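Peer 1: Supplied in structure tokens, the structure appears directly below.
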Amino acid sequence: MPEQTVRTPPEVDRVAASRAAVEARRKRAEVKNNIATGTVSALTVLDDAFADPEGVAGRMRATDFLLSVPAIGRTKLTRILEDLKISPSKRLGGLGPNQRLRIRDFIADRESKNRQHKRSRLIVLAGPTAVGKGTVATHIRENYPDVLLSVSATTRSPRPGEVEGINYFFVNDEEFDRLIENGELLEHATVHNASRYGTPRGPIDEALNRGDSVLLEIDIQGARQVREAMPEATLVFLLPPSWDELVRRLVGRGTEGAEERERRLETARHELAAQDEFDYRVVNGTVADAAQEVVDLIQTRGARPRRTV
Ligand SMILES: Nc1nc2c(ncn2[C@@H]2O[C@H](COP(=O)(O)OP(=O)(O)O)[C@@H](O)[C@H]2O)c(=O)[nH]1
Ligand SMILES: Nc1ncnc2c1ncn2[C@@H]1O[C@H](COP(=O)(O)OP(=O)(O)O)[C@@H](O)[C@H]1O
């Protein structure tokens, strides 16, 4: 009896193989794009590749993988591959144990540095009473037009010279309650055991969606809430050059009586203890320098101080 073998015609094999190859290339391109845009961590892709050497990530060439990592170009690539002792044609899944360790350490180190230096477009400026938060924020509003200063709602009465919608939105208790109930505040707090203050959410969302930078000048309780709600926010703690200078500024401002000053200084001691929770600390020596330092921490689209003549 003649031997019966079922054969797929070779052209069918070839078509199926080339479809599979196209699909695999498409998936690899998608992974590369996800690494490049930060949608997926390069470290996760490496781990996938090592767990499944024949999978999408495993079949990716080390060269293509590294080139998809932000800020690695062809020039750096050559040096990196040399340092890692990996040949350009190697696929991730085919790397030896030592090569895997080296490339993993390299990517882990890079991602941790990126996290530390990542600049956000939402920046929160907080610090103890009278350190100069309001003064520095005003300087930024007047000199760095690219940075939007959020205007808070408050239940306290306007001080002489304060303008509705510029310094604050002055509201009564019922209106403040309504803002909270309607979910219109990103955060809110009672400050100095007196009035309530809150950050309207709408203008911030709009600004960030437009790609603009936003500065919030709020108290420490508020800063903590923003961190919870928007972990990508950068938190900056404004410090006085010394405790004595803080007291001088509080007294010099002359807006509080002796008893209220004592109460605020007591609060300031607790507030200073919270500085380690913040991403950055800026000493308010001179207003212009402190403002410049804060602006430098914001990811702006090329914010430059407004020219003064
Ligand atoms: N949580 C929170 N605090 C705010 C907000 N707006 C202002 N503050 C804080 O409220 C405090 C009192 O501000 P203000 O009434 O201008 O008085 P000042 O302390 O004498 O400048 C300051 O510490 C501000 O940072 C806000 O929207 N939310
Ligand atoms: N860098 C600075 N050098 C000297 N005085 C300052 C400086 N920054 C702010 N001040 C003064 O300190 C006082 C408190 O500043 P303010 O902005 O009201 O503080 P905060 O908003 O933190 O309560 C004000 O009288 C202000 O003019």
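By order in the structure tokens, chains are A, B, ...; within a chain, residues start at 1; ligands start at 1, following the order shown.
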Just want the 12 Å neighbourhood of A:Val282, counted on only C-alpha atoms, with same-chain residues fewer than 4 positions away dropped. Output as a ChimeraX atom specification.

Peer 2: /A:125-127,131-133,136,235-241,275,278,286-287,289-297

Peer 1: Next, the residues of the selection above should be written as a JSON list (two decimals), in the first residue's frame with N, CA and C atoms.

Peer 2:
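Result written to part.json:
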```json
[["chain", "number", "residue", "atom", "x", "y", "z"],
["A", 125, "LEU", "N", 2.93, 74.09, 46.21],
["A", 125, "LEU", "CA", 3.87, 74.83, 47.06],
["A", 125, "LEU", "C", 3.23, 74.95, 48.43],
["A", 126, "ALA", "N", 3.89, 74.38, 49.43],
["A", 126, "ALA", "CA", 3.37, 74.47, 50.79],
["A", 126, "ALA", "C", 4.53, 74.83, 51.71],
["A", 127, "GLY", "N", 4.22, 75.06, 52.97],
["A", 127, "GLY", "CA", 5.27, 75.42, 53.92],
["A", 127, "GLY", "C", 4.63, 76.12, 55.10],
["A", 131, "VAL", "N", 6.26, 81.88, 55.76],
["A", 131, "VAL", "CA", 7.55, 81.59, 55.13],
["A", 131, "VAL", "C", 7.69, 82.39, 53.82],
["A", 132, "GLY", "N", 6.52, 82.77, 53.27],
["A", 132, "GLY", "CA", 6.55, 83.55, 52.03],
["A", 132, "GLY", "C", 5.89, 82.85, 50.86],
["A", 133, "LYS", "N", 5.01, 81.88, 51.14],
["A", 133, "LYS", "CA", 4.35, 81.13, 50.06],
["A", 133, "LYS", "C", 3.58, 82.07, 49.14],
["A", 136, "VAL", "N", 5.94, 84.35, 47.11],
["A", 136, "VAL", "CA", 6.61, 83.63, 46.01],
["A", 136, "VAL", "C", 5.60, 83.29, 44.92],
["A", 235, "LEU", "N", 5.52, 67.93, 44.88],
["A", 235, "LEU", "CA", 5.28, 68.67, 46.12],
["A", 235, "LEU", "C", 6.55, 69.40, 46.55],
["A", 236, "VAL", "N", 6.44, 70.71, 46.71],
["A", 236, "VAL", "CA", 7.60, 71.52, 47.09],
["A", 236, "VAL", "C", 7.34, 72.15, 48.45],
["A", 237, "PHE", "N", 8.31, 72.04, 49.33],
["A", 237, "PHE", "CA", 8.19, 72.62, 50.67],
["A", 237, "PHE", "C", 9.06, 73.86, 50.73],
["A", 238, "LEU", "N", 8.45, 75.00, 51.04],
["A", 238, "LEU", "CA", 9.21, 76.25, 51.13],
["A", 238, "LEU", "C", 9.71, 76.41, 52.56],
["A", 239, "LEU", "N", 11.02, 76.61, 52.69],
["A", 239, "LEU", "CA", 11.63, 76.73, 54.02],
["A", 239, "LEU", "C", 12.12, 78.15, 54.27],
["A", 240, "PRO", "N", 12.07, 78.58, 55.52],
["A", 240, "PRO", "CA", 12.67, 79.89, 55.84],
["A", 240, "PRO", "C", 14.19, 79.69, 55.97],
["A", 241, "PRO", "N", 14.98, 80.76, 55.78],
["A", 241, "PRO", "CA", 16.43, 80.60, 55.97],
["A", 241, "PRO", "C", 16.76, 80.18, 57.40],
["A", 275, "GLN", "N", 8.35, 68.31, 56.40],
["A", 275, "GLN", "CA", 9.08, 68.62, 55.16],
["A", 275, "GLN", "C", 9.61, 67.39, 54.43],
["A", 278, "PHE", "N", 7.85, 65.80, 51.39],
["A", 278, "PHE", "CA", 7.79, 66.53, 50.11],
["A", 278, "PHE", "C", 8.89, 66.07, 49.16],
["A", 286, "THR", "N", 15.81, 84.85, 48.86],
["A", 286, "THR", "CA", 15.20, 86.00, 48.19],
["A", 286, "THR", "C", 14.03, 85.48, 47.36],
["A", 287, "VAL", "N", 13.03, 86.34, 47.21],
["A", 287, "VAL", "CA", 11.79, 85.92, 46.55],
["A", 287, "VAL", "C", 12.08, 85.47, 45.11],
["A", 289, "ASP", "N", 14.83, 84.36, 43.68],
["A", 289, "ASP", "CA", 15.56, 83.09, 43.57],
["A", 289, "ASP", "C", 14.66, 81.90, 43.90],
["A", 290, "ALA", "N", 13.86, 82.07, 44.97],
["A", 290, "ALA", "CA", 12.98, 80.96, 45.36],
["A", 290, "ALA", "C", 11.97, 80.69, 44.25],
["A", 291, "ALA", "N", 11.42, 81.77, 43.67],
["A", 291, "ALA", "CA", 10.43, 81.60, 42.59],
["A", 291, "ALA", "C", 11.07, 80.88, 41.41],
["A", 292, "GLN", "N", 12.28, 81.31, 41.06],
["A", 292, "GLN", "CA", 12.98, 80.68, 39.93],
["A", 292, "GLN", "C", 13.20, 79.18, 40.20],
["A", 293, "GLU", "N", 13.59, 78.87, 41.44],
["A", 293, "GLU", "CA", 13.82, 77.45, 41.79],
["A", 293, "GLU", "C", 12.54, 76.63, 41.65],
["A", 294, "VAL", "N", 11.43, 77.22, 42.09],
["A", 294, "VAL", "CA", 10.15, 76.51, 42.01],
["A", 294, "VAL", "C", 9.78, 76.29, 40.54],
["A", 295, "VAL", "N", 9.92, 77.35, 39.74],
["A", 295, "VAL", "CA", 9.55, 77.24, 38.33],
["A", 295, "VAL", "C", 10.44, 76.20, 37.63],
["A", 296, "ASP", "N", 11.70, 76.14, 38.03],
["A", 296, "ASP", "CA", 12.60, 75.16, 37.41],
["A", 296, "ASP", "C", 12.15, 73.73, 37.67],
["A", 297, "LEU", "N", 11.37, 73.55, 38.73],
["A", 297, "LEU", "CA", 10.90, 72.19, 39.05],
["A", 297, "LEU", "C", 9.65, 71.82, 38.28]]
```

Peer 1: From a backbone DSSP assignment, name each residue in stretch 73-226 of chain A labelled alpha helix (DSSP H), as an MDAnalysis selection string.

Peer 2: chainID A and resid 74:84 97:117 133:143 173:181 201:210 220:226

Peer 1: Kindly assemble as CSV a list of the chain A residues that lie within 6 Å of ligand 1, each paired with its nearest atom pair and their distance in Å to one decimal, using only C-alpha atoms and all ligand atoms, sorted first by chain and then by ascending residue number.

Peer 2:
```
residue,atom,partner,partner_atom_place_in_ligand_line,distance
A:Thr129,CA,ligand 1,19 (O),5.4
A:Gly134,CA,ligand 1,21 (O),5.9
A:Ser152,CA,ligand 1,27 (O),4.2
A:His188,CA,ligand 1,1 (N),4.8
A:Ala189,CA,ligand 1,1 (N),4.6
A:Val191,CA,ligand 1,10 (O),5.5
A:Tyr197,CA,ligand 1,26 (C),4.4
A:Gly198,CA,ligand 1,27 (O),3.5
A:Thr199,CA,ligand 1,27 (O),4.0
A:Glu217,CA,ligand 1,25 (O),5.1
A:Ile218,CA,ligand 1,25 (O),3.5
A:Asp219,CA,ligand 1,3 (N),4.1
A:Gln221,CA,ligand 1,1 (N),5.8
A:Gly222,CA,ligand 1,1 (N),3.6
```

Peer 1: Show me, as an mmCIF file with N, CA and C atoms, in the first residue's frame, the residues that have an atom within 12 Å of A:Arg159 when counting only C-alpha atoms, minus same-chain residues fewer than 6 positions from it.

Peer 2:
```cif
data_model
loop_
_atom_site.group_PDB
_atom_site.id
_atom_site.type_symbol
_atom_site.label_atom_id
_atom_site.label_comp_id
_atom_site.auth_asym_id
_atom_site.auth_seq_id
_atom_site.Cartn_x
_atom_site.Cartn_y
_atom_site.Cartn_z
ATOM 1 N N ASN A 167 -7.186 86.802 44.009
ATOM 2 C CA ASN A 167 -6.564 86.255 45.212
ATOM 3 C C ASN A 167 -7.317 84.999 45.670
ATOM 4 N N TYR A 168 -8.601 85.101 45.738
ATOM 5 C CA TYR A 168 -9.460 83.985 46.174
ATOM 6 C C TYR A 168 -10.838 84.143 45.547
ATOM 7 N N PHE A 170 -14.221 84.299 47.224
ATOM 8 C CA PHE A 170 -14.726 84.411 48.592
ATOM 9 C C PHE A 170 -16.158 83.880 48.638
ATOM 10 N N THR A 255 -0.107 91.056 60.268
ATOM 11 C CA THR A 255 -1.537 90.774 60.042
ATOM 12 C C THR A 255 -2.155 89.982 61.197
#
```

Peer 1: Could you name the residues that touch stretch 65-73 of chain A at 8 Å or less, counting only C-alpha atoms, but leaving out those on the same chain fewer than 3 positions away, as a PyMOL selection string?

Peer 2: chain A and resi 32-33+35-37+42+60-62+76-77

Peer 1: Save the residues we just selected, N, CA and C atoms, as a PDB file, in the first residue's frame?

Peer 2:
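Dumped to out.pdb:
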```pdb
ATOM      1  N   LYS A  32       7.226  48.086  21.498  1.00  0.00           N
ATOM      2  CA  LYS A  32       8.257  49.143  21.431  1.00  0.00           C
ATOM      3  C   LYS A  32       7.621  50.511  21.604  1.00  0.00           C
ATOM      4  N   ASN A  33       6.489  50.686  20.954  1.00  0.00           N
ATOM      5  CA  ASN A  33       5.789  51.966  21.064  1.00  0.00           C
ATOM      6  C   ASN A  33       5.333  52.217  22.506  1.00  0.00           C
ATOM      7  N   ILE A  35       6.769  51.096  25.174  1.00  0.00           N
ATOM      8  CA  ILE A  35       7.941  51.462  25.999  1.00  0.00           C
ATOM      9  C   ILE A  35       8.272  52.940  25.751  1.00  0.00           C
ATOM     10  N   ALA A  36       8.259  53.313  24.485  1.00  0.00           N
ATOM     11  CA  ALA A  36       8.667  54.678  24.119  1.00  0.00           C
ATOM     12  C   ALA A  36       7.738  55.726  24.737  1.00  0.00           C
ATOM     13  N   THR A  37       6.446  55.404  24.825  1.00  0.00           N
ATOM     14  CA  THR A  37       5.502  56.399  25.353  1.00  0.00           C
ATOM     15  C   THR A  37       5.329  56.260  26.866  1.00  0.00           C
ATOM     16  N   ALA A  42       9.846  49.398  30.724  1.00  0.00           N
ATOM     17  CA  ALA A  42      10.803  48.571  29.995  1.00  0.00           C
ATOM     18  C   ALA A  42      11.214  47.365  30.837  1.00  0.00           C
ATOM     19  N   MET A  60      12.121  39.874  20.707  1.00  0.00           N
ATOM     20  CA  MET A  60      12.567  41.223  20.337  1.00  0.00           C
ATOM     21  C   MET A  60      14.087  41.320  20.412  1.00  0.00           C
ATOM     22  N   ARG A  61      14.688  41.994  19.431  1.00  0.00           N
ATOM     23  CA  ARG A  61      16.149  42.143  19.471  1.00  0.00           C
ATOM     24  C   ARG A  61      16.540  43.148  20.551  1.00  0.00           C
ATOM     25  N   ALA A  62      17.672  42.876  21.199  1.00  0.00           N
ATOM     26  CA  ALA A  62      18.166  43.777  22.256  1.00  0.00           C
ATOM     27  C   ALA A  62      18.298  45.198  21.707  1.00  0.00           C
ATOM     28  N   LYS A  76      24.324  56.297  21.673  1.00  0.00           N
ATOM     29  CA  LYS A  76      24.417  55.724  23.024  1.00  0.00           C
ATOM     30  C   LYS A  76      24.313  54.212  22.958  1.00  0.00           C
ATOM     31  N   LEU A  77      23.488  53.727  22.015  1.00  0.00           N
ATOM     32  CA  LEU A  77      23.214  52.291  21.924  1.00  0.00           C
ATOM     33  C   LEU A  77      24.502  51.472  21.823  1.00  0.00           C
TER      34      LEU A  77
END
```

Peer 1: Between atom CA of A:Thr39 and atom CA of A:Ile103, what is the distance in Å, rounded to a tenth?

Peer 2: 20.0 Å
